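Single-structure report; data block below.
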Amino acid sequence: MNTLGDDPDRDGLDDRAAGALLGAACGDALGVPYEFAARLSEREVPAMVGGGLGPYAPGEYSDDTQMAVCLAEALRDHDDPRSGAALDQTARAFLSWRREGATDIGAQTARVLGDTERALAADSTGRTGAAEEMIRLSARMFGAGERCAGNGSLMRAAPLALAHLRERDQLAETARVCSLLTHGDPLAAEACVLWCEAIRRAVVWGSDEGPRSGLDLLEPHARDAWAGYLAEAEGAPPHAFSPNGFVVRALQAAWSAIVHTPVEAGDPDRYAAPVWAAVRAGDDTDTVASIAGALVGARWGRSAVPEEYVAAVHGWPGYRADGLTRLTGEIVRRHGG
Ligand SMILES: [Mg+2]
């Protein structure tokens with residue numbers, strides 16, 4: 001495992017690592033009130049007023065961050081993110097979340113988790129692993145020609161980057177496997193690979209290169225396709241990628257919001273402005289803003305997230321901003337920090 005101990009910008013790195021998960025959570029909570037509602041105009045500023053599909057309390061984050069927390073806790077508890085034990089903890093956490101914590105849930109995730117729950121209950125030997133079964137059922141859905149490329153694995157992927165800050169290829173592998181838990185379509189896995197690599201570079205170097213920096217991690221045919229998708233995002237405003245339940249459109253909406261909202265160091269809205277733009281994309285606003293918020297938060301750090309958002313954000317299973325930051329620190333330290 002690589003060590004981060006000699007990093008010349010250790011404080012900055014810790015701030016940016018915390019910004020990834022907190023940025024995702026705050027984007028989620030900012031997008032919650034507007035999910036599937038009338039699209040905000042360019043002049044309207046989103047606020048964490050709650051409501052939405054939950055309905056949610058003001059500042060409460062939704063399924064995107066709830067599922068990210070399931071992943072983050074497994075990364076905190078295991079050395080190898082792709083070990084059977086780590087993946088099983090995540091899979092079982094998803095199942096408990098669906099039973100006890102899910103304030104809302106995407107159609108495809110609901111289907112896979114429901115099928116997994118039934119398969120495990122019917123297994124009298126008790127030997128089938130939860131993750132193994134979940135991946136098998138997701139792959140079967142994809143093999144049967146069902147739609148398996150929703151945005152649900154991308155929306156929860158941010159913590160994965162924190163467990164592989166100096167391990168580029170390992171991160172891509174973990175991003176793929178964790179996507180396949182619920183999303184059998186390789187498109188969803190490819191989106192997770194690209195976004196996680198963008199977050200990794202943002203945390204380690206403060207890079208704003210974005211998802212293009214991970215294109216070489218994809219298979220050649222996928223690389224060409226994604227280069228085209230990213231060019232489309234760079235050439236059109238965020239609302240051009242609505243509806244955005246499809247993972248490609250969700251990533252395009254988030255990336256478009258970031259590239260079309262230029263900000264600079266020291267700008268008080270350097271976190272908020274791109275995330276507001278993501279909310280204004282419309283449709284699945286909390287998910288697009290959570291995806292964008294993870295990368296913007298990683299780029300500019302927790303210290304760039306407005307204090308009113310830090311004070312308000314919260315959600316299942318009881319995290320507030322400080323808890324999310326602590327969790328981030330535990331992951332980074334366990335995996336080489
Ligand atoms: Mg949501």
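Here's how to read the names in the structure tokens: chain A, B, ... by the order shown, residue numbers from 1 in each chain, ligand numbers from 1 in the order shown.
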Residues at most 10 Å from Glu42 of chain A, counting only C-alpha atoms, excluding those fewer than 4 positions away in the same chain, as a PyMOL selection string? chain A and resi 276-277+280-281
Nearby polymer residues, ligand 1, at most 10 Å, only C-alpha atoms and all ligand atoms, as a PyMOL selection string: chain A and resi 28-29+31-32+35+52-54+61-67+102-106+152+155-156+284-290
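Counting only C-alpha atoms, the residue from A:Gly336, A:Pro238, A:Ser303, A:Tyr319 that sits nearest to Pro274 of chain A is A:Pro238.
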Just want the 10 Å neighbourhood of Gly51 of chain A, counted on only C-alpha atoms, with same-chain residues fewer than 4 positions away dropped. Output as a ChimeraX atom specification. /A:32-35,55-60
Using only C-alpha atoms for the distances, tell me which of A:Ala191, A:Ile291, A:Val332, A:Ala312 is nearest to Arg212 of chain A. A:Ala191
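Atom CA of Gly184 of chain A lies 5.2 Å from atom CA of Phe142 of chain A.
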May I have all residues of segment 63-260 of chain A that DSSP, computed from the backbone, assigns to alpha helix (DSSP H), given as a ChimeraX atom specification? /A:63-77,84-96,107-122,130-143,158-162,168-180,186-205,220-235,247-259
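When only C-alpha atoms are used to compute distances to Ala161 of chain A, the closest of the residues A:Ser41, A:Thr174, A:Ser138, A:Ser213 turns out to be A:Thr174.
Atom pair atom CA of Pro81 of chain A / atom CA of Ala304 of chain A has a distance of 28.8 Å (rounded to one decimal).
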If you run DSSP over the backbone, which residues in segment 108-333 of chain A end up strand (DSSP E or B)? Put them as a JSON list (two decimals) with N, CA, C and O atoms, in the first residue's frame.
```
[["chain", "number", "residue", "atom", "x", "y", "z"],
["A", 150, "GLY", "N", -29.14, 2.60, -14.96],
["A", 150, "GLY", "CA", -29.60, 3.78, -14.24],
["A", 150, "GLY", "C", -28.42, 4.46, -13.54],
["A", 150, "GLY", "O", -27.30, 3.93, -13.52],
["A", 246, "PHE", "N", -30.77, 7.87, -16.77],
["A", 246, "PHE", "CA", -29.77, 7.05, -17.45],
["A", 246, "PHE", "C", -28.39, 7.53, -17.02],
["A", 246, "PHE", "O", -28.12, 8.74, -16.99],
["A", 314, "HIS", "N", -27.79, 16.33, 6.98],
["A", 314, "HIS", "CA", -27.89, 15.16, 7.86],
["A", 314, "HIS", "C", -28.71, 14.09, 7.17],
["A", 314, "HIS", "O", -29.37, 14.34, 6.17],
["A", 315, "GLY", "N", -28.66, 12.87, 7.74],
["A", 315, "GLY", "CA", -29.51, 11.82, 7.19],
["A", 315, "GLY", "C", -29.19, 10.45, 7.75],
["A", 315, "GLY", "O", -28.31, 10.32, 8.62],
["A", 319, "TYR", "N", -25.89, 10.43, 10.44],
["A", 319, "TYR", "CA", -24.70, 11.27, 10.20],
["A", 319, "TYR", "C", -25.07, 12.74, 10.03],
["A", 319, "TYR", "O", -26.11, 13.07, 9.45],
["A", 320, "ARG", "N", -24.20, 13.59, 10.54],
["A", 320, "ARG", "CA", -24.19, 15.01, 10.21],
["A", 320, "ARG", "C", -22.82, 15.28, 9.58],
["A", 320, "ARG", "O", -22.03, 14.36, 9.37]]
```
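Using only C-alpha atoms, the nearest neighbour of Cys196 of chain A within the list A:Val305, A:Arg140, A:Gln89, A:Ala20 is A:Ala20.
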